[in-house]
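A.B. asks: Attaching a single structure in structure tokens format; questions to follow.
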Amino acid sequence: MISLNNLKKFLTAFLLILTLAFVEIATNSQSAIADTATNPATAAEVFSANCAGCHINGSNIIRRGKNLKQKALKKYKMDSIANISNLVTNGKGIMPAYKDRLSEQQIIDVSAYVLSQAETDWK
């Protein structure tokens, strides 16, 4: 019989591997980059296609504390469009840069989307 704790560890590891695989595919897929650049999308669609793999509903499956909830955004001084845009553009640590995948306007729009969603606790 598998304990609940072991099941949680297994599922966490599985989600991490799945997410890293998704990031690798998205990072190296020239057609995905071209589609994003040539087909303008709403901020929600940009978030869904590029960010939700790690930040579903504002969470963070890699580093739980560094989520997109209002408290964490304020704590890490990411509570402005400018600061979020800079992070999305240049990346940091394990988070990749999106300057070559998204237009400047898409980055600004998705940054504003993150702030607006954080205000409503991603509901």
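Residue numbering restarts at 1 for every chain of the structure tokens, chains are lettered A, B, ... in their displayed order, and ligands are numbered from 1 as they appear.
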Counting only C-alpha atoms, which residues of stretch 32-80 of chain A fall within 10 Å of stretch 107-110 of chain A, and what is the closest atom pair for each with its distance in Å at one decimal, ordered by chain and rising number, as JSON lines?
C.D. replies:
```
{"residue": "A:Ala41", "atom": "CA", "partner": "A:Asp109", "partner_atom": "CA", "distance": 9.9}
{"residue": "A:Thr42", "atom": "CA", "partner": "A:Asp109", "partner_atom": "CA", "distance": 8.0}
{"residue": "A:Ala43", "atom": "CA", "partner": "A:Val110", "partner_atom": "CA", "distance": 4.8}
{"residue": "A:Ala44", "atom": "CA", "partner": "A:Val110", "partner_atom": "CA", "distance": 7.1}
{"residue": "A:Glu45", "atom": "CA", "partner": "A:Val110", "partner_atom": "CA", "distance": 8.9}
{"residue": "A:Val46", "atom": "CA", "partner": "A:Val110", "partner_atom": "CA", "distance": 6.7}
{"residue": "A:Phe47", "atom": "CA", "partner": "A:Val110", "partner_atom": "CA", "distance": 6.2}
{"residue": "A:Ser48", "atom": "CA", "partner": "A:Val110", "partner_atom": "CA", "distance": 9.8}
{"residue": "A:Asn50", "atom": "CA", "partner": "A:Val110", "partner_atom": "CA", "distance": 9.8}
{"residue": "A:Cys51", "atom": "CA", "partner": "A:Val110", "partner_atom": "CA", "distance": 9.3}
```
A.B. asks: Taking 6 positions as the minimum chain separation for residues in the same chain, which residues sit within 10 Å of stretch 60-77 of chain A when counting only C-alpha atoms? Answer as a PDB file with N, CA, C and O atoms, in the first residue's frame.
C.D. replies:
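Contents of the output file result03.pdb:
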```pdb
ATOM      1  N   THR A  12       4.420  15.124  -7.132  1.00  0.00           N
ATOM      2  CA  THR A  12       5.214  16.341  -7.240  1.00  0.00           C
ATOM      3  C   THR A  12       6.358  16.139  -8.224  1.00  0.00           C
ATOM      4  O   THR A  12       6.601  16.971  -9.091  1.00  0.00           O
ATOM      5  N   LEU A  15       4.960  15.918 -11.812  1.00  0.00           N
ATOM      6  CA  LEU A  15       4.577  17.230 -12.345  1.00  0.00           C
ATOM      7  C   LEU A  15       5.801  18.062 -12.697  1.00  0.00           C
ATOM      8  O   LEU A  15       5.802  18.775 -13.706  1.00  0.00           O
ATOM      9  N   LEU A  16       6.850  17.967 -11.902  1.00  0.00           N
ATOM     10  CA  LEU A  16       8.067  18.707 -12.185  1.00  0.00           C
ATOM     11  C   LEU A  16       8.684  18.228 -13.498  1.00  0.00           C
ATOM     12  O   LEU A  16       9.050  19.023 -14.358  1.00  0.00           O
ATOM     13  N   THR A  19       6.521  19.343 -16.408  1.00  0.00           N
ATOM     14  CA  THR A  19       6.664  20.776 -16.646  1.00  0.00           C
ATOM     15  C   THR A  19       7.982  21.084 -17.336  1.00  0.00           C
ATOM     16  O   THR A  19       8.023  21.870 -18.289  1.00  0.00           O
ATOM     17  N   LEU A  20       9.055  20.478 -16.861  1.00  0.00           N
ATOM     18  CA  LEU A  20      10.353  20.718 -17.487  1.00  0.00           C
ATOM     19  C   LEU A  20      10.357  20.248 -18.939  1.00  0.00           C
ATOM     20  O   LEU A  20      10.945  20.893 -19.806  1.00  0.00           O
ATOM     21  N   CYS A  51       2.838  30.713 -19.893  1.00  0.00           N
ATOM     22  CA  CYS A  51       3.120  30.841 -18.465  1.00  0.00           C
ATOM     23  C   CYS A  51       2.424  29.787 -17.600  1.00  0.00           C
ATOM     24  O   CYS A  51       2.937  29.396 -16.549  1.00  0.00           O
ATOM     25  N   ALA A  52       1.252  29.364 -18.026  1.00  0.00           N
ATOM     26  CA  ALA A  52       0.422  28.497 -17.186  1.00  0.00           C
ATOM     27  C   ALA A  52       1.052  27.141 -16.904  1.00  0.00           C
ATOM     28  O   ALA A  52       0.686  26.490 -15.925  1.00  0.00           O
ATOM     29  N   GLY A  53       2.002  26.713 -17.722  1.00  0.00           N
ATOM     30  CA  GLY A  53       2.671  25.442 -17.455  1.00  0.00           C
ATOM     31  C   GLY A  53       3.304  25.407 -16.079  1.00  0.00           C
ATOM     32  O   GLY A  53       3.283  24.385 -15.403  1.00  0.00           O
ATOM     33  N   CYS A  54       3.858  26.515 -15.657  1.00  0.00           N
ATOM     34  CA  CYS A  54       4.460  26.620 -14.321  1.00  0.00           C
ATOM     35  C   CYS A  54       3.585  27.416 -13.357  1.00  0.00           C
ATOM     36  O   CYS A  54       3.695  27.246 -12.146  1.00  0.00           O
ATOM     37  N   ASN A  83       8.100  45.945 -13.408  1.00  0.00           N
ATOM     38  CA  ASN A  83       8.933  44.898 -12.809  1.00  0.00           C
ATOM     39  C   ASN A  83       8.594  43.513 -13.358  1.00  0.00           C
ATOM     40  O   ASN A  83       9.489  42.707 -13.630  1.00  0.00           O
ATOM     41  N   ILE A  84       7.309  43.245 -13.529  1.00  0.00           N
ATOM     42  CA  ILE A  84       6.917  41.952 -14.103  1.00  0.00           C
ATOM     43  C   ILE A  84       7.393  41.861 -15.545  1.00  0.00           C
ATOM     44  O   ILE A  84       7.939  40.834 -15.964  1.00  0.00           O
ATOM     45  N   ILE A  94      15.584  29.900 -12.909  1.00  0.00           N
ATOM     46  CA  ILE A  94      15.005  28.836 -13.742  1.00  0.00           C
ATOM     47  C   ILE A  94      13.965  29.366 -14.741  1.00  0.00           C
ATOM     48  O   ILE A  94      13.655  28.725 -15.725  1.00  0.00           O
ATOM     49  N   MET A  95      13.461  30.572 -14.495  1.00  0.00           N
ATOM     50  CA  MET A  95      12.468  31.135 -15.416  1.00  0.00           C
ATOM     51  C   MET A  95      13.166  31.644 -16.679  1.00  0.00           C
ATOM     52  O   MET A  95      14.071  32.471 -16.602  1.00  0.00           O
ATOM     53  N   VAL A 114      -1.369  39.534 -15.223  1.00  0.00           N
ATOM     54  CA  VAL A 114      -0.931  38.926 -13.963  1.00  0.00           C
ATOM     55  C   VAL A 114      -1.355  39.798 -12.782  1.00  0.00           C
ATOM     56  O   VAL A 114      -1.892  39.291 -11.789  1.00  0.00           O
ATOM     57  N   LEU A 115      -1.134  41.095 -12.882  1.00  0.00           N
ATOM     58  CA  LEU A 115      -1.531  42.001 -11.789  1.00  0.00           C
ATOM     59  C   LEU A 115      -3.040  41.988 -11.566  1.00  0.00           C
ATOM     60  O   LEU A 115      -3.508  41.939 -10.420  1.00  0.00           O
ATOM     61  N   SER A 116      -3.806  42.016 -12.633  1.00  0.00           N
ATOM     62  CA  SER A 116      -5.265  42.035 -12.487  1.00  0.00           C
ATOM     63  C   SER A 116      -5.768  40.725 -11.894  1.00  0.00           C
ATOM     64  O   SER A 116      -6.694  40.708 -11.073  1.00  0.00           O
ATOM     65  N   GLN A 117      -5.177  39.608 -12.298  1.00  0.00           N
ATOM     66  CA  GLN A 117      -5.584  38.319 -11.744  1.00  0.00           C
ATOM     67  C   GLN A 117      -5.202  38.211 -10.283  1.00  0.00           C
ATOM     68  O   GLN A 117      -5.942  37.643  -9.480  1.00  0.00           O
ATOM     69  N   ALA A 118      -4.042  38.744  -9.915  1.00  0.00           N
ATOM     70  CA  ALA A 118      -3.611  38.703  -8.519  1.00  0.00           C
ATOM     71  C   ALA A 118      -4.579  39.482  -7.627  1.00  0.00           C
ATOM     72  O   ALA A 118      -4.859  39.070  -6.498  1.00  0.00           O
ATOM     73  N   GLU A 119      -5.114  40.579  -8.160  1.00  0.00           N
ATOM     74  CA  GLU A 119      -6.070  41.388  -7.383  1.00  0.00           C
ATOM     75  C   GLU A 119      -7.350  40.618  -7.063  1.00  0.00           C
ATOM     76  O   GLU A 119      -8.008  40.884  -6.067  1.00  0.00           O
ATOM     77  N   THR A 120      -7.711  39.685  -7.926  1.00  0.00           N
ATOM     78  CA  THR A 120      -8.929  38.889  -7.700  1.00  0.00           C
ATOM     79  C   THR A 120      -8.605  37.477  -7.209  1.00  0.00           C
ATOM     80  O   THR A 120      -9.449  36.586  -7.255  1.00  0.00           O
ATOM     81  N   ASP A 121      -7.351  37.279  -6.769  1.00  0.00           N
ATOM     82  CA  ASP A 121      -6.865  35.991  -6.264  1.00  0.00           C
ATOM     83  C   ASP A 121      -7.030  34.889  -7.309  1.00  0.00           C
ATOM     84  O   ASP A 121      -7.384  33.768  -6.981  1.00  0.00           O
ATOM     85  N   TRP A 122      -6.856  35.257  -8.580  1.00  0.00           N
ATOM     86  CA  TRP A 122      -6.882  34.306  -9.697  1.00  0.00           C
ATOM     87  C   TRP A 122      -8.221  33.559  -9.812  1.00  0.00           C
ATOM     88  O   TRP A 122      -8.263  32.399 -10.118  1.00  0.00           O
TER      89      TRP A 122
END
```
A.B. asks: Excluding A:Asn86 and any residue of its chain fewer than 5 positions from it, enumerate the residues within 12 Å of it, using only C-alpha atoms, and give them as number ranges by chain.
C.D. replies: A: 77-81, 91-92, 96-99, 104, 107-108, 110-111
A.B. asks: What separation in Å, quoted to one decimal, exists between atom CA of A:Thr89 and atom CA of A:Gln105?
C.D. replies: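 Distance reported for this atom pair: 11.0 Å.
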A.B. asks: Record the distance separating atom CA of A:Ser103 and atom CA of A:Ile56, expressed in Å with one decimal.
C.D. replies: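 Rounded to one decimal, the two atoms are 21.8 Å apart.
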A.B. asks: For atom CA of A:Ala49 and atom CA of A:Ala82, determine how far apart the two atoms are, in Å to one decimal place.
C.D. replies: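 Atom-to-atom, atom CA of A:Ala49 to atom CA of A:Ala82, that is 21.2 Å.
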